[in-house]
$ cat my_file33.cif   # mmCIF, C-alpha atoms
data_structure
#
loop_
_atom_site.label_atom_id
_atom_site.label_comp_id
_atom_site.auth_asym_id
_atom_site.auth_seq_id
_atom_site.Cartn_x
_atom_site.Cartn_y
_atom_site.Cartn_z
CA MET A 1 0.00 0.00 0.00
CA ILE A 2 2.84 2.38 0.87
CA LEU A 3 4.48 1.63 -2.49
CA PHE A 4 1.18 2.37 -4.30
CA PHE A 5 0.88 5.80 -2.74
CA TYR A 6 4.60 6.46 -3.27
CA ASN A 7 4.25 5.76 -7.00
CA LEU A 8 1.08 7.83 -7.17
CA ALA A 9 2.90 10.78 -5.60
CA LEU A 10 5.86 10.18 -7.93
CA LEU A 11 3.58 10.23 -10.98
CA ALA A 12 1.92 13.45 -9.82
CA ALA A 13 5.31 15.07 -9.27
CA LEU A 14 6.44 14.04 -12.75
CA VAL A 15 3.31 15.46 -14.37
CA VAL A 16 3.45 18.74 -12.45
CA GLY A 17 7.20 19.12 -12.87
CA ALA A 18 7.34 18.02 -16.52
CA PRO A 19 7.67 21.56 -18.01
CA TRP A 20 10.57 22.39 -15.70
CA TRP A 21 12.33 19.07 -16.34
CA LEU A 22 11.88 19.35 -20.11
CA PHE A 23 13.34 22.86 -20.04
CA ARG A 24 16.34 21.72 -17.97
CA ILE A 25 16.94 18.75 -20.26
CA ALA A 26 16.81 20.97 -23.35
CA ALA A 27 18.99 23.70 -21.87
CA THR A 28 21.56 21.83 -19.78
CA GLN A 29 23.93 19.07 -20.84
CA LYS A 30 24.13 17.80 -17.25
CA TYR A 31 20.45 16.80 -17.32
CA ARG A 32 20.70 15.13 -20.74
CA GLU A 33 23.74 13.02 -19.94
CA GLY A 34 22.83 9.46 -19.12
CA LEU A 35 19.12 10.14 -19.52
CA ARG A 36 18.51 7.04 -21.65
CA GLU A 37 20.12 4.83 -19.02
CA ARG A 38 18.24 6.56 -16.20
CA LEU A 39 14.97 5.78 -17.99
CA GLY A 40 15.79 2.08 -18.32
CA LEU A 41 17.49 1.86 -21.74
CA ILE A 42 20.48 -0.34 -21.05
CA ARG A 43 23.66 -0.49 -23.14
CA PRO A 44 23.74 -3.77 -25.13
CA LYS A 45 27.39 -4.37 -24.16
CA LEU A 46 26.50 -4.18 -20.46
CA ILE A 47 23.72 -6.73 -20.99
CA ARG A 48 26.16 -9.09 -22.75
CA LEU A 49 28.72 -8.79 -19.95
CA CYS A 50 26.07 -9.47 -17.32
CA ARG A 51 25.01 -12.68 -19.09
CA GLU A 52 28.53 -14.12 -18.93
CA ARG A 53 28.89 -14.30 -15.12
CA PRO A 54 26.80 -13.88 -11.94
CA VAL A 55 26.35 -10.16 -11.25
CA LEU A 56 26.87 -8.12 -8.08
CA TRP A 57 25.40 -4.63 -8.45
CA VAL A 58 27.14 -1.96 -6.37
CA HIS A 59 25.49 1.47 -6.24
CA ALA A 60 27.45 4.57 -5.21
CA VAL A 61 25.71 7.93 -5.58
CA SER A 62 28.49 10.43 -6.26
CA VAL A 63 32.22 11.07 -5.93
CA GLY A 64 32.35 10.54 -2.16
CA GLU A 65 30.61 7.17 -2.33
CA VAL A 66 32.65 6.06 -5.36
CA LEU A 67 35.84 6.84 -3.45
CA ALA A 68 34.50 4.98 -0.41
CA VAL A 69 33.71 1.78 -2.36
CA SER A 70 36.73 1.89 -4.67
CA ARG A 71 38.81 -0.48 -2.56
CA LEU A 72 35.74 -2.60 -1.78
CA VAL A 73 35.03 -3.14 -5.50
CA LYS A 74 38.64 -4.08 -6.24
CA THR A 75 38.72 -6.45 -3.27
CA LEU A 76 35.47 -8.07 -4.42
CA ASP A 77 36.98 -8.48 -7.90
CA ALA A 78 39.85 -10.43 -6.35
CA ALA A 79 37.73 -12.37 -3.84
CA LEU A 80 34.99 -13.32 -6.31
CA PRO A 81 36.70 -13.83 -9.69
CA GLY A 82 33.69 -15.73 -10.97
CA CYS A 83 31.41 -12.72 -10.53
CA PHE A 84 30.93 -9.55 -12.56
CA ILE A 85 30.84 -6.42 -10.36
CA ALA A 86 28.65 -3.78 -12.02
CA VAL A 87 28.76 -0.25 -10.59
CA SER A 88 26.10 2.45 -10.87
CA THR A 89 26.19 6.11 -9.88
CA THR A 90 23.65 8.91 -9.79
CA THR A 91 25.73 12.02 -10.56
CA ARG A 92 27.81 12.88 -13.60
CA THR A 93 30.96 13.48 -11.52
CA GLY A 94 30.48 10.14 -9.79
CA GLN A 95 30.07 8.50 -13.19
CA GLU A 96 33.31 10.01 -14.51
CA LEU A 97 35.30 8.90 -11.48
CA ALA A 98 33.76 5.41 -11.46
CA ARG A 99 34.62 4.91 -15.14
CA GLU A 100 38.18 5.97 -14.41
CA ARG A 101 38.49 3.71 -11.34
CA PHE A 102 36.62 0.60 -12.49
CA GLY A 103 36.47 0.73 -16.29
CA ALA A 104 33.69 2.24 -18.39
CA GLU A 105 32.29 -1.10 -19.60
CA ARG A 106 30.82 -1.98 -16.18
CA VAL A 107 29.74 1.48 -15.00
CA PHE A 108 26.27 2.90 -15.69
CA TYR A 109 23.79 5.48 -14.47
CA CYS A 110 21.40 4.16 -11.83
CA PRO A 111 17.83 4.13 -13.14
CA LEU A 112 15.39 6.66 -11.80
CA ASP A 113 13.15 5.07 -9.17
CA LEU A 114 10.42 4.52 -11.72
CA PRO A 115 8.82 1.05 -11.83
CA TRP A 116 9.56 0.36 -15.51
CA ALA A 117 13.15 1.66 -15.34
CA VAL A 118 13.98 -0.39 -12.24
CA ARG A 119 12.26 -3.45 -13.73
CA ALA A 120 14.35 -3.17 -16.93
CA TYR A 121 17.63 -3.17 -15.03
CA LEU A 122 16.73 -5.98 -12.69
CA LYS A 123 15.62 -8.08 -15.65
CA ALA A 124 18.78 -7.35 -17.66
CA LEU A 125 21.36 -7.59 -14.87
CA GLN A 126 19.66 -10.32 -12.81
CA PRO A 127 21.97 -9.48 -9.90
CA ARG A 128 22.72 -12.05 -7.22
CA LEU A 129 23.15 -9.18 -4.76
CA LEU A 130 22.53 -5.43 -4.64
CA VAL A 131 25.04 -3.48 -2.53
CA LEU A 132 24.08 0.08 -1.60
CA ALA A 133 26.66 2.57 -0.33
CA GLU A 134 25.62 4.62 2.71
CA THR A 135 21.82 5.23 2.75
CA GLU A 136 20.64 5.26 -0.83
CA PHE A 137 17.17 3.83 -0.19
CA TRP A 138 14.71 3.90 -3.12
CA PRO A 139 11.35 2.17 -2.63
CA ASN A 140 10.87 0.80 -6.15
CA LEU A 141 14.45 -0.47 -6.38
CA LEU A 142 14.21 -2.15 -2.98
CA SER A 143 10.77 -3.63 -3.68
CA GLY A 144 11.88 -4.91 -7.08
CA CYS A 145 14.75 -6.77 -5.43
CA PHE A 146 12.57 -8.17 -2.66
CA ARG A 147 10.00 -9.50 -5.16
CA ARG A 148 12.73 -11.30 -7.09
CA GLY A 149 14.43 -12.70 -3.99
CA ILE A 150 17.56 -10.59 -4.54
CA PRO A 151 19.29 -9.87 -1.22
CA VAL A 152 20.12 -6.22 -0.52
CA ALA A 153 23.11 -5.20 1.61
CA VAL A 154 24.10 -1.72 2.74
CA VAL A 155 27.79 -0.92 3.28
CA ASN A 156 29.20 2.16 5.00
CA ALA A 157 25.67 2.73 6.27
CA ARG A 158 25.06 5.92 8.19
CA ILE A 159 22.35 8.34 9.24
CA SER A 160 23.82 11.84 9.51
CA ASP A 161 22.83 14.28 12.25
CA ARG A 162 21.08 16.39 9.64
CA SER A 163 19.11 13.44 8.19
CA TRP A 164 18.27 11.74 11.50
CA PRO A 165 15.20 13.87 12.46
CA ARG A 166 13.66 13.34 9.02
CA TYR A 167 14.23 9.57 9.05
CA ARG A 168 12.87 9.33 12.59
CA ARG A 169 9.68 11.20 11.66
CA LEU A 170 9.14 8.96 8.64
CA ARG A 171 10.16 5.64 10.22
CA TRP A 172 6.64 4.30 9.62
CA LEU A 173 7.32 4.80 5.89
CA TRP A 174 10.78 3.21 5.91
CA ARG A 175 10.16 0.27 8.24
CA PRO A 176 8.46 -2.01 5.62
CA PHE A 177 11.48 -1.61 3.33
CA LEU A 178 14.36 -1.52 5.82
CA SER A 179 13.08 -4.55 7.75
CA ARG A 180 13.72 -6.68 4.64
CA LEU A 181 17.36 -5.66 4.11
CA SER A 182 19.63 -8.71 4.34
CA ARG A 183 22.69 -7.05 5.88
CA VAL A 184 23.40 -3.53 7.12
CA LEU A 185 27.07 -2.76 7.78
CA ALA A 186 27.14 0.50 9.72
CA GLN A 187 29.98 2.99 10.06
CA SER A 188 29.58 3.44 13.84
CA GLN A 189 27.54 2.29 16.82
CA THR A 190 25.50 5.50 16.66
CA ASP A 191 24.63 4.78 13.02
CA ALA A 192 23.73 1.20 13.90
CA GLU A 193 21.33 2.30 16.65
CA ARG A 194 19.68 4.86 14.38
CA LEU A 195 19.23 2.32 11.59
CA LYS A 196 17.64 -0.15 13.98
CA ALA A 197 15.34 2.59 15.30
CA ILE A 198 13.93 3.30 11.82
CA GLY A 199 13.26 -0.32 10.91
CA CYS A 200 16.38 -2.40 10.24
CA LEU A 201 16.25 -5.76 12.03
CA PRO A 202 18.76 -5.72 14.93
CA GLN A 203 20.18 -9.15 14.09
CA ARG A 204 21.06 -7.95 10.58
CA VAL A 205 22.87 -4.75 11.64
CA THR A 206 26.62 -4.87 12.33
CA VAL A 207 29.21 -2.16 12.95
CA ALA A 208 31.84 -2.73 10.26
CA GLY A 209 33.57 0.66 10.39
CA ASN A 210 34.06 3.35 7.79
CA LEU A 211 35.25 2.28 4.34
CA LYS A 212 36.82 5.69 3.87
CA PHE A 213 39.53 4.76 6.36
CA ASP A 214 40.64 2.10 3.87
CA VAL A 215 40.80 4.42 0.87
CA ARG A 216 44.40 5.19 0.00
CA ALA A 217 45.71 7.14 -2.95
CA ALA A 218 47.68 4.29 -4.52
CA TRP A 219 49.02 6.39 -7.37
CA GLU A 220 50.20 9.95 -7.93
CA ALA A 221 47.80 11.91 -10.08
CA GLU A 222 49.18 13.77 -13.09
CA ALA A 223 48.40 17.05 -11.30
CA THR A 224 50.54 15.98 -8.33
CA LEU A 225 53.52 15.22 -10.56
CA GLN A 226 53.15 18.52 -12.42
CA LEU A 227 52.81 20.55 -9.23
CA LYS A 228 55.97 18.95 -7.87
CA ALA A 229 57.84 19.84 -11.05
CA LEU A 230 56.54 23.41 -11.19
CA ALA A 231 56.69 24.30 -7.49
CA GLN A 232 60.42 25.20 -7.25
CA GLY A 233 60.54 24.70 -3.49
CA LEU A 234 57.21 26.35 -2.73
CA ARG A 235 55.03 25.14 0.14
CA PHE A 236 51.37 24.36 -0.58
CA VAL A 237 48.12 25.11 1.15
CA VAL A 238 45.60 22.70 -0.39
CA ALA A 239 41.95 23.73 0.02
CA GLY A 240 39.72 20.86 -1.06
CA SER A 241 35.99 20.34 -1.66
CA THR A 242 35.20 24.02 -1.18
CA LEU A 243 31.69 25.42 -1.54
CA GLU A 244 30.32 28.84 -2.42
CA GLY A 245 31.58 31.45 0.04
CA GLU A 246 34.61 29.44 1.10
CA GLU A 247 36.76 30.32 -1.90
CA ALA A 248 36.12 34.02 -1.17
CA ALA A 249 37.19 33.49 2.44
CA LEU A 250 40.41 31.77 1.35
CA VAL A 251 41.22 34.45 -1.23
CA GLU A 252 40.53 37.11 1.40
CA ALA A 253 42.96 35.40 3.81
CA TRP A 254 45.62 34.82 1.14
CA PRO A 255 47.55 38.14 1.52
CA GLN A 256 47.92 37.52 5.27
CA LEU A 257 49.25 34.03 4.63
CA LEU A 258 51.75 35.32 2.07
CA GLU A 259 52.92 38.02 4.46
CA ALA A 260 53.67 35.29 7.02
CA ASP A 261 55.29 32.96 4.45
CA PRO A 262 56.07 34.45 1.01
CA GLN A 263 57.02 31.02 -0.40
CA LEU A 264 53.46 29.73 -0.49
CA ALA A 265 51.20 28.57 -3.30
CA MET A 266 47.60 27.41 -2.94
CA VAL A 267 45.67 24.66 -4.68
CA LEU A 268 41.96 25.47 -4.68
CA ALA A 269 39.63 22.56 -5.49
CA PRO A 270 35.89 23.42 -5.63
CA ARG A 271 33.59 20.53 -4.76
CA HIS A 272 31.26 20.85 -7.76
CA PRO A 273 32.52 21.07 -11.37
CA GLU A 274 29.67 23.39 -12.37
CA ARG A 275 31.23 26.04 -10.10
CA PHE A 276 34.67 26.02 -11.74
CA GLY A 277 33.72 28.98 -13.93
CA ALA A 278 32.39 31.02 -11.00
CA VAL A 279 35.55 30.39 -8.97
CA ALA A 280 37.68 31.36 -11.99
CA ALA A 281 35.76 34.64 -12.20
CA LEU A 282 36.36 35.22 -8.48
CA LEU A 283 40.11 34.67 -8.95
CA ASP A 284 40.16 37.02 -11.94
CA LYS A 285 38.45 39.71 -9.90
CA SER A 286 40.81 39.24 -6.93
CA GLY A 287 43.91 40.16 -8.91
CA VAL A 288 45.99 37.22 -7.61
CA ALA A 289 48.22 35.24 -9.96
CA TRP A 290 46.41 32.02 -10.80
CA VAL A 291 46.24 29.21 -13.33
CA ARG A 292 43.76 26.50 -14.29
CA ARG A 293 45.01 22.96 -13.81
CA SER A 294 43.10 21.92 -16.96
CA ASP A 295 45.14 24.37 -19.07
CA TRP A 296 48.24 22.24 -18.44
CA ARG A 297 46.60 19.35 -20.27
CA ALA A 298 46.30 21.45 -23.43
CA THR A 299 49.88 22.80 -23.22
CA ASN A 300 53.13 21.16 -24.23
CA GLU A 301 54.82 20.16 -20.97
CA GLY A 302 58.00 22.09 -21.79
CA LEU A 303 56.01 25.30 -22.27
CA ILE A 304 54.21 25.27 -18.89
CA LYS A 305 55.52 28.14 -16.76
CA PRO A 306 56.82 27.38 -13.25
CA LEU A 307 54.60 28.52 -10.41
CA CYS A 308 55.49 31.85 -8.85
CA PRO A 309 55.27 32.41 -5.07
CA GLY A 310 51.75 33.52 -4.20
CA SER A 311 50.14 31.66 -7.11
CA ILE A 312 46.80 29.88 -6.85
CA VAL A 313 46.11 26.74 -8.88
CA LEU A 314 42.44 26.10 -9.62
CA LEU A 315 42.12 22.31 -9.57
CA ASP A 316 39.31 22.05 -12.12
CA THR A 317 39.63 18.30 -12.71
CA ILE A 318 37.95 15.25 -11.18
CA GLY A 319 39.67 12.56 -9.12
CA GLU A 320 43.03 14.27 -8.51
CA LEU A 321 42.40 16.02 -5.18
CA ALA A 322 43.12 12.98 -2.96
CA SER A 323 46.60 12.65 -4.45
CA VAL A 324 47.28 16.42 -4.46
CA TYR A 325 46.67 16.53 -0.69
CA SER A 326 50.02 14.71 -0.36
CA LEU A 327 51.79 17.97 -1.30
CA ALA A 328 50.14 20.07 1.40
CA SER A 329 51.96 21.70 4.28
CA VAL A 330 48.46 22.42 5.60
CA ALA A 331 45.09 21.26 4.24
CA PHE A 332 41.74 22.98 4.53
CA VAL A 333 38.74 20.66 4.06
CA GLY A 334 35.73 22.54 2.73
CA GLY A 335 31.99 22.41 3.16
CA SER A 336 32.68 23.34 6.76
CA LEU A 337 32.91 27.14 6.96
CA ILE A 338 29.26 27.25 5.94
CA PRO A 339 26.49 25.01 7.34
CA ALA A 340 26.82 22.29 4.67
CA GLY A 341 27.98 19.40 6.87
CA GLY A 342 31.65 19.29 5.84
CA HIS A 343 33.60 16.87 3.70
CA ASN A 344 36.00 14.01 4.31
CA PRO A 345 39.14 14.92 6.34
CA LEU A 346 40.61 11.44 5.85
CA GLU A 347 41.98 12.28 2.40
CA PRO A 348 44.71 14.57 3.81
CA ALA A 349 45.02 12.52 7.03
CA GLN A 350 46.38 9.50 5.13
CA PHE A 351 49.42 11.58 4.11
CA GLY A 352 50.16 12.90 7.60
CA VAL A 353 49.00 16.40 6.68
CA PRO A 354 47.73 18.77 9.41
CA ILE A 355 44.06 19.57 8.79
CA VAL A 356 41.89 22.64 9.30
CA MET A 357 38.10 22.61 9.04
CA GLY A 358 35.32 25.06 9.78
CA PRO A 359 32.82 24.46 12.59
CA HIS A 360 30.22 22.71 10.39
CA TYR A 361 31.15 19.02 10.08
CA ALA A 362 27.95 17.12 10.95
CA ASN A 363 28.24 14.81 7.91
CA PHE A 364 31.63 13.56 9.15
CA ARG A 365 31.12 14.00 12.87
CA ALA A 366 32.59 10.67 14.04
CA ILE A 367 35.72 10.99 11.89
CA THR A 368 36.26 14.66 12.75
CA GLU A 369 35.76 14.15 16.48
CA ASP A 370 38.19 11.24 16.44
CA LEU A 371 40.81 13.45 14.79
CA LEU A 372 40.06 16.26 17.25
CA ALA A 373 40.41 13.87 20.20
CA HIS A 374 43.90 13.00 18.96
CA GLN A 375 44.80 16.67 18.36
CA ALA A 376 45.16 15.92 14.67
CA LEU A 377 42.76 18.58 13.39
CA ARG A 378 42.00 22.25 14.10
CA ILE A 379 38.60 23.94 13.88
CA ALA A 380 38.47 27.56 12.68
CA ALA A 381 35.53 29.85 11.97
CA ARG A 382 35.84 32.18 8.98
CA GLU A 383 37.25 35.08 11.02
CA GLU A 384 39.87 32.75 12.56
CA LEU A 385 40.90 30.96 9.37
CA ALA A 386 43.91 33.09 8.43
CA ALA A 387 45.32 33.07 11.98
CA VAL A 388 45.00 29.30 12.38
CA LEU A 389 46.58 28.57 8.98
CA ILE A 390 49.45 30.97 9.72
CA GLU A 391 50.04 29.37 13.12
CA LEU A 392 50.30 25.93 11.57
CA LEU A 393 52.50 27.08 8.71
CA GLN A 394 54.96 28.78 11.04
CA ASP A 395 55.32 26.09 13.72
CA ARG A 396 56.72 23.30 11.59
CA SER A 397 57.61 20.89 14.40
CA ALA A 398 54.10 21.15 15.86
CA THR A 399 52.44 20.64 12.49
CA GLU A 400 54.65 17.65 11.72
CA ALA A 401 53.54 16.05 14.99
CA MET A 402 49.92 16.95 14.25
CA GLY A 403 50.14 15.37 10.80
CA SER A 404 51.72 12.24 12.26
CA ARG A 405 48.79 11.89 14.67
CA ALA A 406 46.36 12.29 11.75
CA ARG A 407 48.08 9.44 9.90
CA GLN A 408 47.94 7.26 13.02
CA VAL A 409 44.18 7.85 13.34
CA PHE A 410 43.71 6.94 9.68
CA THR A 411 45.76 3.75 10.00
CA SER A 412 44.24 2.60 13.30
CA GLN A 413 40.71 2.65 11.90
CA ALA A 414 41.42 0.51 8.83
CA GLY A 415 39.76 -2.85 8.20
CA ALA A 416 36.19 -2.02 7.21
CA THR A 417 36.75 -3.31 3.67
CA THR A 418 37.76 -6.77 4.89
CA ARG A 419 34.77 -6.97 7.24
CA CYS A 420 32.36 -5.90 4.49
CA VAL A 421 33.77 -8.34 1.94
CA GLU A 422 33.48 -11.24 4.39
CA ALA A 423 29.88 -10.30 5.19
CA LEU A 424 28.98 -10.07 1.49
CA LYS A 425 30.62 -13.43 0.74
CA GLU A 426 28.63 -15.02 3.58
CA LEU A 427 25.43 -13.52 2.21
CA LEU A 428 26.11 -14.87 -1.27
CA ALA A 429 27.00 -18.28 0.14
CA ALA A 430 23.82 -18.38 2.20
CA GLN A 431 21.82 -17.52 -0.88
CA ALA A 432 23.49 -20.29 -2.87
CA GLY A 433 23.35 -22.76 0.03
CA MET A 434 27.07 -23.41 0.06
CA GLU A 435 30.23 -22.50 1.92
CA PRO A 436 31.61 -18.96 1.44
CA PRO A 437 34.02 -18.78 -1.51
CA ALA A 438 37.70 -18.85 -0.60
#

$ encode --input "my_file33.cif" --output "structure tokens"
Amino acid sequence: MILFFYNLALLAALVVGAPWWLFRIAATQKYREGLRERLGLIRPKLIRLCRERPVLWVHAVSVGEVLAVSRLVKTLDAALPGCFIAVSTTTRTGQELARERFGAERVFYCPLDLPWAVRAYLKALQPRLLVLAETEFWPNLLSGCFRRGIPVAVVNARISDRSWPRYRRLRWLWRPFLSRLSRVLAQSQTDAERLKAIGCLPQRVTVAGNLKFDVRAAWEAEATLQLKALAQGLRFVVAGSTLEGEEAALVEAWPQLLEADPQLAMVLAPRHPERFGAVAALLDKSGVAWVRRSDWRATNEGLIKPLCPGSIVLLDTIGELASVYSLASVAFVGGSLIPAGGHNPLEPAQFGVPIVMGPHYANFRAITEDLLAHQALRIAAREELAAVLIELLQDRSATEAMGSRARQVFTSQAGATTRCVEALKELLAAQAGMEPPA
């Protein structure tokens, strides 16, 4: 009954919103990309690949989730060589990164939660298991799996502080779906308790840890190699995953940082690609010396000019930030100066880099508070940002110790990937009525 009313509401929303959606599709490439796949039209090559071996479908919404499951997917490839691991994403940036990480032939856009689109994918892929990253719960997708006897597991499951009140109010809506999940592997005990409170069966919920502690930059991105070559002994401030308002704060603080240490350069990496142009306009208006990272790709390597002290590099590419953090003397992790919930501080922590965040980190509360408890991270409001960055840049012995503690926190929390893979193998074995594969 709940599914009937959900689909009725979905149909009404589509009818009412059709003019707006049609305009956006006609006017914006972002809305057209992957539309056929989202509506249930599946690439013939993907169908052929899925017929050759049993399929595990892993769904990761965007860049953050793709990064989180990247090691999980590769470990599953090795642990289950007889299976085909297909990966879906929702966003364009997630799609680009997933194709780069896993190969384009097995990556596709997740269908919209429309009955016919979901039905087409389940019929074509016939997955043995659906693995959802974090809390990507869609009623038609879940119901389609349940009707076909396809087990559904959730890895890296969490309920953020911001989402918790909404889930709690609507637990009557979620309970019929969540109570049928086969395994729920939560990031923390708090997440596990919240998931049980909204309908997950207690015996199926386990704390496996955070997959993001297992994500390591195993290779140096091209941007990292170029920055090393062009830096000429400069020290870097790397500001990653920034949102609107944060770039202005960093540019405003930049003269103070240069006064304290004239041999600085900054890498500025906005979170969303659609904002690259706006940030470029901001840098133009500021009068600082700056360069687009993407311009280096179109320039003969011998003709790229070395970076001057005080330069800002706009990192307008996807998938290179995690590696570029390795160059930082200090890292600022964005989404945190403004009330947006913050982004992942583990990316710089893995390299032993001292980290600064703003006071808004609800989306990564457990990780951030762990780093704070080990004095491996500093919190700074906008008006304090310049002073905190200068303090860390000037006291090198203290920042080295702070970065070392950050690396220790990162290393000590590893192991979630192994726990998740073992749980998924057990689930597949139980479904097949045999021992878990070796």

$ resolve_selection --input "my_file33.cif" --expression "the PyMOL selection byres ((chain A and resi 59) around 6)" --output "ChimeraX atom specification"
/A:58,60,87-89,132

$ write_last_selection --input "my_file33.cif" --atoms "C-alpha atoms" --output "PDB file, in the frame of the given file"
ATOM      1  CA  VAL A  58      27.140  -1.960  -6.370  1.00  0.00           C
ATOM      2  CA  ALA A  60      27.450   4.570  -5.210  1.00  0.00           C
ATOM      3  CA  VAL A  87      28.760  -0.250 -10.590  1.00  0.00           C
ATOM      4  CA  SER A  88      26.100   2.450 -10.870  1.00  0.00           C
ATOM      5  CA  THR A  89      26.190   6.110  -9.880  1.00  0.00           C
ATOM      6  CA  LEU A 132      24.080   0.080  -1.600  1.00  0.00           C
TER       7      LEU A 132
END

$ closest_residue --input "my_file33.cif" --among "A:Gln350, A:Gln226, A:Asn300, A:Ser241" --to "Leu321 (chain A)" --atoms "only C-alpha atoms"
A:Ser241

$ closest_atom_pairs --input "my_file33.cif" --of "region 240-301 of chain A" --to "region 326-333 of chain A" --cutoff "12 Å" --atoms "all atoms listed in the file" --output "JSON lines"
{"residue": "A:Gly240", "atom": "CA", "partner": "A:Val333", "partner_atom": "CA", "distance": 5.2}
{"residue": "A:Ser241", "atom": "CA", "partner": "A:Val333", "partner_atom": "CA", "distance": 6.4}
{"residue": "A:Thr242", "atom": "CA", "partner": "A:Val333", "partner_atom": "CA", "distance": 7.2}
{"residue": "A:Leu243", "atom": "CA", "partner": "A:Val333", "partner_atom": "CA", "distance": 10.2}
{"residue": "A:Glu246", "atom": "CA", "partner": "A:Val333", "partner_atom": "CA", "distance": 10.1}
{"residue": "A:Glu247", "atom": "CA", "partner": "A:Phe332", "partner_atom": "CA", "distance": 11.0}
{"residue": "A:Ala249", "atom": "CA", "partner": "A:Phe332", "partner_atom": "CA", "distance": 11.6}
{"residue": "A:Leu250", "atom": "CA", "partner": "A:Phe332", "partner_atom": "CA", "distance": 9.4}
{"residue": "A:Leu257", "atom": "CA", "partner": "A:Val330", "partner_atom": "CA", "distance": 11.7}
{"residue": "A:Asp261", "atom": "CA", "partner": "A:Ser329", "partner_atom": "CA", "distance": 11.7}
{"residue": "A:Gln263", "atom": "CA", "partner": "A:Ser329", "partner_atom": "CA", "distance": 11.6}
{"residue": "A:Leu264", "atom": "CA", "partner": "A:Ser329", "partner_atom": "CA", "distance": 9.5}
{"residue": "A:Ala265", "atom": "CA", "partner": "A:Ala328", "partner_atom": "CA", "distance": 9.8}
{"residue": "A:Met266", "atom": "CA", "partner": "A:Ala328", "partner_atom": "CA", "distance": 8.9}
{"residue": "A:Val267", "atom": "CA", "partner": "A:Ala328", "partner_atom": "CA", "distance": 8.8}
{"residue": "A:Leu268", "atom": "CA", "partner": "A:Phe332", "partner_atom": "CA", "distance": 9.5}
{"residue": "A:Ala269", "atom": "CA", "partner": "A:Val333", "partner_atom": "CA", "distance": 9.8}
{"residue": "A:Pro270", "atom": "CA", "partner": "A:Val333", "partner_atom": "CA", "distance": 10.5}
{"residue": "A:Arg271", "atom": "CA", "partner": "A:Val333", "partner_atom": "CA", "distance": 10.2}

$ atom_distance --input "my_file33.cif" --atom1 "CA of Ala208 (chain A)" --atom2 "CA of Pro345 (chain A)"
19.5 Å

$ closest_residue --input "my_file33.cif" --among "A:Thr206, A:Gln232, A:Asn363, A:Ser286" --to "Pro309 (chain A)" --atoms "only C-alpha atoms"
A:Gln232

$ atom_distance --input "my_file33.cif" --atom1 "CA of Leu282 (chain A)" --atom2 "CA of Glu33 (chain A)"
28.0 Å

$ atom_distance --input "my_file33.cif" --atom1 "CA of Tyr361 (chain A)" --atom2 "CA of Ser336 (chain A)"
5.7 Å

$ residues_near_point --input "my_file33.cif" --point "(49.0, 32.4, -9.1)" --cutoff "10 Å" --atoms "only C-alpha atoms" --output "PyMOL selection string"
chain A and resi 265-267+283+287-292+307-314

$ write_last_selection --input "my_file33.cif" --atoms "C-alpha atoms" --output "PDB file, in the coordinates of the input"
ATOM      1  CA  ALA A 265      51.200  28.570  -3.300  1.00  0.00           C
ATOM      2  CA  MET A 266      47.600  27.410  -2.940  1.00  0.00           C
ATOM      3  CA  VAL A 267      45.670  24.660  -4.680  1.00  0.00           C
ATOM      4  CA  LEU A 283      40.110  34.670  -8.950  1.00  0.00           C
ATOM      5  CA  GLY A 287      43.910  40.160  -8.910  1.00  0.00           C
ATOM      6  CA  VAL A 288      45.990  37.220  -7.610  1.00  0.00           C
ATOM      7  CA  ALA A 289      48.220  35.240  -9.960  1.00  0.00           C
ATOM      8  CA  TRP A 290      46.410  32.020 -10.800  1.00  0.00           C
ATOM      9  CA  VAL A 291      46.240  29.210 -13.330  1.00  0.00           C
ATOM     10  CA  ARG A 292      43.760  26.500 -14.290  1.00  0.00           C
ATOM     11  CA  LEU A 307      54.600  28.520 -10.410  1.00  0.00           C
ATOM     12  CA  CYS A 308      55.490  31.850  -8.850  1.00  0.00           C
ATOM     13  CA  PRO A 309      55.270  32.410  -5.070  1.00  0.00           C
ATOM     14  CA  GLY A 310      51.750  33.520  -4.200  1.00  0.00           C
ATOM     15  CA  SER A 311      50.140  31.660  -7.110  1.00  0.00           C
ATOM     16  CA  ILE A 312      46.800  29.880  -6.850  1.00  0.00           C
ATOM     17  CA  VAL A 313      46.110  26.740  -8.880  1.00  0.00           C
ATOM     18  CA  LEU A 314      42.440  26.100  -9.620  1.00  0.00           C
TER      19      LEU A 314
END

$ residues_near_point --input "my_file33.cif" --point "(14.7, 5.5, 10.6)" --cutoff "10 Å" --atoms "only C-alpha atoms" --output "JSON, numbers by chain"
{"A": [159, 163, 164, 165, 166, 167, 168, 169, 170, 171, 172, 173, 174, 175, 178, 193, 194, 195, 196, 197, 198, 199, 200]}

$ resolve_selection --input "my_file33.cif" --expression "the PyMOL selection byres ((chain A and resi 182) around 12)" --output "number ranges by chain"
A: 129-132, 142, 145-146, 149-155, 177-181, 183-185, 200-206, 423-424, 426-428, 430-431

$ closest_residue --input "my_file33.cif" --among "A:Val66, A:Ala298, A:Ala322, A:Val421" --to "Leu97 (chain A)" --atoms "all atoms listed in the file"
A:Val66

$ residues_around --input "my_file33.cif" --residues "Gln256 (chain A)" --least-positions-apart "3" --cutoff "10 Å" --atoms "only C-alpha atoms" --output "ChimeraX atom specification"
/A:251-253,259-262,386-387,389-390

$ residues_around --input "my_file33.cif" --residues "Asn140 (chain A)" --least-positions-apart "4" --cutoff "8 Å" --atoms "all atoms listed in the file" --output "number ranges by chain"
A: 3, 113-115, 118, 144
